[in-house]
Every structure is written in C-alpha cells, then in structure tokens.
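Right, one structure below, let's go through it.
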Amino acid sequence: MTAISASMLASNFARMGEEACRMQAAGADFLHMDVMDGRFVPNISFGADVIRAVHAVCSLPLDVHLMVEDPDRYAETFVRAGATFLTVHAECTPHLQRALRHIRDLGARPGLALNPATPLDAVRYVLDDIDLLLVMTVNPGFGGQKLIPATVEKTREAAQLLRGSGREIRLEVDGGVAESTAALLRGAGADVLVAGSALFGAKDPAAAMAVLRGQTA
C-alpha cells in the first residue's frame with residue numbers, strides 16, 4: 001500500500017501538536033518535517049526543538065527532510081530530536097557518502113533528496129547507504145506548488161534504478177501531490193507520497209489519504 005507522509009509545513013503552526021495527532025488519527029504513516037535554513041532554500045521553517053515537541057505528543061515516525069547547507073553539522077541534533085528518517089540533499093554536501101553513513105551511525109535511517117533538475121547519477125554510488133530516495137517534484141522551499149511534469153518520468157527512472165539494485169529502498173516524492181497527480185506518481189513507482197495542502201486543507205483527511213492511495217474513486 002502507498003504510504004502517506006503528512007507534511008507539517010502545511011499545518012497550523014500555532015497548533016502543531018494537535019495537527020500532528022489529527023494526521024495520525026486520520027491514518028498517516030509518517031509526519032514529514034521540512035527543515036529550511038533560509039540559505040539552501042529561500043525560506044525558514046522550524047528546527048529541532050519543534051520536532052522534539054511534536055515527537056513528544058505523536059507516535060508516528062518522523063520523516064525529517066533537511067533543506068540546509070552543511071547537513072553534517074545538524075544531523076546528530078535532529079536524530080536526538082526524534083527523526084526516524086533523516087534525509088539530506090545531494091546538492092548540500094561534497095561528501096555525500098560520509099554524510100549518509102554518519103546518519104546511520106547515529107541510529108537513524110538515511111535518506112537522499114534530489115532537486116528536480118539534479119540527475120539520478122549520484123544515487124548509484126550510495127545505494128548501500130540509503131533507506132529512502134526522495135525525488136523532489138517541485139523546487140524545494142515552499143508548499144502549495146504545482147508538480148513539475150518532467151519529474152514524473154524522473155520518478156519512473158528512479159523506481160527502475162531502485163528495483164534493479166535489489167535493495168529495499170523506499171521511493172518518496174514531495175511536491176504538488178494532490179488527487180489529480182497521485183495516480184501518476186504511484187504509476188511511476190513512488191511508494192511514499194508527501195502531501196501537505198491536500199491533507200490539511202481537506203474536511204476529511206482520512207478520505208483524502210484514501211484518494212491519494214488510490215483506494216477510492
């Protein structure tokens with residue numbers, strides 16, 4: 001079954017703990033936590049203290065996405081805050097394999113994120129070091145964007161690469177995930193959909209999740 005990672009970037013920040021519990025009750029599989037530093041992306045979101053607070057009130061695994069320069073510097077802080085998956089961008093570190101291995105050594109599950117225009121080549125050399133590949137289907141930094149059409153084919157190619165590797169690596173997509181695009185992304189091979197506005201803006205988040213999973217018409 002397709003997993004749903006509810007993007008807390010779309011939540012009401014004044015009630016983030018309640019919003020996290022609401023997504024858990026609706027059936028989300030993960031909480032997606034976008035950490036932005038205002039340098040790698042032109043936005044600032046929240047840090048480890050917020051993630052720690054959410055972790056204290058919600059038992060869902062935390063899917064922490066570091067959109068920051070020099071992610072090695074912050075990895076231990078976010079693992080201690082409760083990250084289950086900790087994902088870093090290939091574009092953010094010159095020593096990618098070392099950064100991913102460091103995350104695993106800290107006890108979290110390493111993820112690798114690629115911006116829309118970043119080719120898949122870098123993934124081939126770190127397949128032993130990742131548990132999750134995140135294909136960005138919009139340019140990172142802001143929620144509510146429309147999916148970039150070319151990223152559907154990129155997702156398909158990523159799925160083929162991961163299947164061919166024989167490894168158990170989850171393929172996640174993030175950006176523009178909605179009722180109108182979910183089937184395309186599932187068909188391309190994504191098994192984790194990050195959704196924000198489609199869930200937090202829905203009257204019935206559980207029904208919205210079912211639609212994204214392809215369980216209802």
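Please note that chains go A, B, ... in the order of the structure tokens, that every chain numbers its residues from 1, and that ligands are numbered from 1 in the order shown.
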
With a distance cut-off of 12 Å and only C-alpha atoms, select the neighbouring residues of Ala25 of chain A, excluding the residue or stretch itself and same-chain residues fewer than 2 positions from it, and output the selection as a PyMOL selection string.
chain A and resi 6+18-23+27-30+58-60+204-207+209

Would you save the residues of that selection, restricted to N, CA, C and O atoms, as a PDB file, in the first residue's frame?
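Contents of again31.pdb, freshly written:
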ATOM      1  N   ALA A   6       2.539  13.016   5.946  1.00  0.00           N
ATOM      2  CA  ALA A   6       1.824  14.289   6.061  1.00  0.00           C
ATOM      3  C   ALA A   6       2.807  15.423   6.322  1.00  0.00           C
ATOM      4  O   ALA A   6       3.529  15.406   7.318  1.00  0.00           O
ATOM      5  N   GLU A  18      -1.441  19.363  17.946  1.00  0.00           N
ATOM      6  CA  GLU A  18      -2.791  18.891  17.638  1.00  0.00           C
ATOM      7  C   GLU A  18      -2.906  18.465  16.183  1.00  0.00           C
ATOM      8  O   GLU A  18      -3.574  17.459  15.868  1.00  0.00           O
ATOM      9  N   GLU A  19      -2.273  19.213  15.309  1.00  0.00           N
ATOM     10  CA  GLU A  19      -2.321  18.886  13.882  1.00  0.00           C
ATOM     11  C   GLU A  19      -1.638  17.543  13.615  1.00  0.00           C
ATOM     12  O   GLU A  19      -2.117  16.735  12.809  1.00  0.00           O
ATOM     13  N   ALA A  20      -0.520  17.293  14.291  1.00  0.00           N
ATOM     14  CA  ALA A  20       0.172  16.015  14.139  1.00  0.00           C
ATOM     15  C   ALA A  20      -0.712  14.856  14.591  1.00  0.00           C
ATOM     16  O   ALA A  20      -0.821  13.822  13.911  1.00  0.00           O
ATOM     17  N   CYS A  21      -1.365  15.031  15.729  1.00  0.00           N
ATOM     18  CA  CYS A  21      -2.260  13.986  16.237  1.00  0.00           C
ATOM     19  C   CYS A  21      -3.452  13.779  15.310  1.00  0.00           C
ATOM     20  O   CYS A  21      -3.941  12.651  15.151  1.00  0.00           O
ATOM     21  N   ARG A  22      -3.917  14.862  14.691  1.00  0.00           N
ATOM     22  CA  ARG A  22      -5.035  14.753  13.745  1.00  0.00           C
ATOM     23  C   ARG A  22      -4.632  13.921  12.531  1.00  0.00           C
ATOM     24  O   ARG A  22      -5.412  13.087  12.044  1.00  0.00           O
ATOM     25  N   MET A  23      -3.419  14.104  12.044  1.00  0.00           N
ATOM     26  CA  MET A  23      -2.949  13.319  10.904  1.00  0.00           C
ATOM     27  C   MET A  23      -2.735  11.857  11.294  1.00  0.00           C
ATOM     28  O   MET A  23      -3.005  10.944  10.514  1.00  0.00           O
ATOM     29  N   GLY A  27      -4.791   8.406   9.749  1.00  0.00           N
ATOM     30  CA  GLY A  27      -4.165   7.250   9.110  1.00  0.00           C
ATOM     31  C   GLY A  27      -2.856   7.506   8.405  1.00  0.00           C
ATOM     32  O   GLY A  27      -2.384   6.651   7.637  1.00  0.00           O
ATOM     33  N   ALA A  28      -2.219   8.663   8.641  1.00  0.00           N
ATOM     34  CA  ALA A  28      -0.920   8.923   8.029  1.00  0.00           C
ATOM     35  C   ALA A  28       0.104   7.896   8.513  1.00  0.00           C
ATOM     36  O   ALA A  28       0.019   7.379   9.632  1.00  0.00           O
ATOM     37  N   ASP A  29       1.068   7.607   7.660  1.00  0.00           N
ATOM     38  CA  ASP A  29       2.123   6.661   8.011  1.00  0.00           C
ATOM     39  C   ASP A  29       3.338   7.346   8.622  1.00  0.00           C
ATOM     40  O   ASP A  29       4.045   6.761   9.445  1.00  0.00           O
ATOM     41  N   PHE A  30       3.593   8.580   8.190  1.00  0.00           N
ATOM     42  CA  PHE A  30       4.730   9.364   8.673  1.00  0.00           C
ATOM     43  C   PHE A  30       4.304  10.823   8.802  1.00  0.00           C
ATOM     44  O   PHE A  30       3.326  11.260   8.185  1.00  0.00           O
ATOM     45  N   CYS A  58       3.170  12.762  19.556  1.00  0.00           N
ATOM     46  CA  CYS A  58       2.688  11.947  18.429  1.00  0.00           C
ATOM     47  C   CYS A  58       3.643  10.785  18.218  1.00  0.00           C
ATOM     48  O   CYS A  58       4.865  10.976  18.208  1.00  0.00           O
ATOM     49  N   SER A  59       3.106   9.583  18.054  1.00  0.00           N
ATOM     50  CA  SER A  59       3.953   8.393  17.945  1.00  0.00           C
ATOM     51  C   SER A  59       4.294   8.019  16.510  1.00  0.00           C
ATOM     52  O   SER A  59       4.993   7.024  16.282  1.00  0.00           O
ATOM     53  N   LEU A  60       3.834   8.790  15.527  1.00  0.00           N
ATOM     54  CA  LEU A  60       4.180   8.479  14.139  1.00  0.00           C
ATOM     55  C   LEU A  60       5.679   8.647  13.902  1.00  0.00           C
ATOM     56  O   LEU A  60       6.314   9.541  14.476  1.00  0.00           O
ATOM     57  N   ASP A 204     -12.026  16.086   5.396  1.00  0.00           N
ATOM     58  CA  ASP A 204     -11.882  14.722   5.902  1.00  0.00           C
ATOM     59  C   ASP A 204     -10.512  14.200   5.478  1.00  0.00           C
ATOM     60  O   ASP A 204     -10.363  13.627   4.398  1.00  0.00           O
ATOM     61  N   PRO A 205      -9.471  14.399   6.301  1.00  0.00           N
ATOM     62  CA  PRO A 205      -8.133  13.959   5.911  1.00  0.00           C
ATOM     63  C   PRO A 205      -8.033  12.463   5.646  1.00  0.00           C
ATOM     64  O   PRO A 205      -7.275  12.040   4.776  1.00  0.00           O
ATOM     65  N   ALA A 206      -8.794  11.648   6.374  1.00  0.00           N
ATOM     66  CA  ALA A 206      -8.747  10.199   6.152  1.00  0.00           C
ATOM     67  C   ALA A 206      -9.232   9.856   4.746  1.00  0.00           C
ATOM     68  O   ALA A 206      -8.642   9.024   4.050  1.00  0.00           O
ATOM     69  N   ALA A 207     -10.315  10.502   4.316  1.00  0.00           N
ATOM     70  CA  ALA A 207     -10.821  10.282   2.960  1.00  0.00           C
ATOM     71  C   ALA A 207      -9.825  10.779   1.927  1.00  0.00           C
ATOM     72  O   ALA A 207      -9.615  10.140   0.886  1.00  0.00           O
ATOM     73  N   MET A 209      -6.587  10.862   2.262  1.00  0.00           N
ATOM     74  CA  MET A 209      -5.499   9.900   2.201  1.00  0.00           C
ATOM     75  C   MET A 209      -5.881   8.683   1.368  1.00  0.00           C
ATOM     76  O   MET A 209      -5.076   8.149   0.603  1.00  0.00           O
TER      77      MET A 209
END

Using only C-alpha atoms, which residues sit within 8 Å of segment 86-101 of chain A once same-chain residues fewer than 3 positions away are excluded, as number ranges by chain?
A: 40, 63-72, 75, 78-79, 83, 104-105, 108-115, 122, 126, 129-130, 132, 134

Extract, using only C-alpha atoms, all DNA, RNA and protein residues at most 12 Å from Met16 of chain A, discarding same-chain residues fewer than 3 positions from it, and format them as a PyMOL selection string.
chain A and resi 7-13+19-23+31+33+46+50-58+200

Near Glu179 of chain A, counting only C-alpha atoms, which residues have an atom at most 10 Å away, once you skip same-chain residues fewer than 2 positions from it, shown as an mmCIF file with N, CA and C atoms, in the first residue's frame?
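Saved to out33.cif:
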data_model
loop_
_atom_site.group_PDB
_atom_site.id
_atom_site.type_symbol
_atom_site.label_atom_id
_atom_site.label_comp_id
_atom_site.auth_asym_id
_atom_site.auth_seq_id
_atom_site.Cartn_x
_atom_site.Cartn_y
_atom_site.Cartn_z
ATOM 1 N N GLY A 176 3.466 19.071 -4.950
ATOM 2 C CA GLY A 176 2.355 19.018 -5.882
ATOM 3 C C GLY A 176 1.551 17.738 -5.830
ATOM 4 N N VAL A 177 1.630 17.004 -4.717
ATOM 5 C CA VAL A 177 0.873 15.761 -4.585
ATOM 6 C C VAL A 177 -0.573 16.106 -4.248
ATOM 7 N N THR A 181 -2.748 14.317 -9.218
ATOM 8 C CA THR A 181 -1.400 13.867 -9.589
ATOM 9 C C THR A 181 -0.988 12.555 -8.918
ATOM 10 N N ALA A 182 -1.680 12.142 -7.888
ATOM 11 C CA ALA A 182 -1.261 10.980 -7.109
ATOM 12 C C ALA A 182 -1.184 9.715 -7.952
ATOM 13 N N ALA A 183 -2.159 9.494 -8.818
ATOM 14 C CA ALA A 183 -2.150 8.275 -9.632
ATOM 15 C C ALA A 183 -0.938 8.242 -10.561
ATOM 16 N N LEU A 184 -0.574 9.402 -11.123
ATOM 17 C CA LEU A 184 0.603 9.465 -11.988
ATOM 18 C C LEU A 184 1.859 9.063 -11.218
ATOM 19 N N ALA A 198 -3.151 19.032 0.428
ATOM 20 C CA ALA A 198 -4.199 18.064 0.106
ATOM 21 C C ALA A 198 -4.778 17.410 1.354
ATOM 22 N N ALA A 208 -9.177 11.912 2.214
ATOM 23 C CA ALA A 208 -8.177 12.437 1.290
ATOM 24 C C ALA A 208 -7.000 11.479 1.152
ATOM 25 N N MET A 209 -6.587 10.862 2.262
ATOM 26 C CA MET A 209 -5.499 9.900 2.201
ATOM 27 C C MET A 209 -5.881 8.683 1.368
ATOM 28 N N ALA A 210 -7.133 8.240 1.520
ATOM 29 C CA ALA A 210 -7.597 7.094 0.738
ATOM 30 C C ALA A 210 -7.547 7.407 -0.748
ATOM 31 N N VAL A 211 -7.930 8.604 -1.125
ATOM 32 C CA VAL A 211 -7.874 9.003 -2.525
ATOM 33 C C VAL A 211 -6.434 9.023 -3.034
ATOM 34 N N LEU A 212 -5.539 9.584 -2.238
ATOM 35 C CA LEU A 212 -4.132 9.620 -2.647
ATOM 36 C C LEU A 212 -3.556 8.219 -2.807
ATOM 37 N N ARG A 213 -4.010 7.306 -1.958
ATOM 38 C CA ARG A 213 -3.537 5.910 -2.055
ATOM 39 C C ARG A 213 -4.188 5.153 -3.205
ATOM 40 N N GLY A 214 -5.233 5.729 -3.798
ATOM 41 C CA GLY A 214 -5.930 5.046 -4.882
ATOM 42 C C GLY A 214 -6.951 4.061 -4.397
ATOM 43 N N ALA A 217 -12.577 6.139 -5.585
ATOM 44 C CA ALA A 217 -12.681 6.834 -6.871
ATOM 45 C C ALA A 217 -12.557 8.322 -6.645
#

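Nearest residue to Gln215 of chain A, choosing from A:Ile148, A:Pro140, A:Gly201, A:Thr2 and counting only C-alpha atoms: A:Thr2.
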
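Near segment 156-169 of chain A, within 9 Å and counting only C-alpha atoms, sit Leu120, Val123, Arg124, Leu127, Asp128, Ile130, Asp131, Leu132, Leu133, Val135, Leu185, Gly187, Ala188, Gly189 and Ala190 of chain A, not including residues fewer than 6 positions from it in the same chain.
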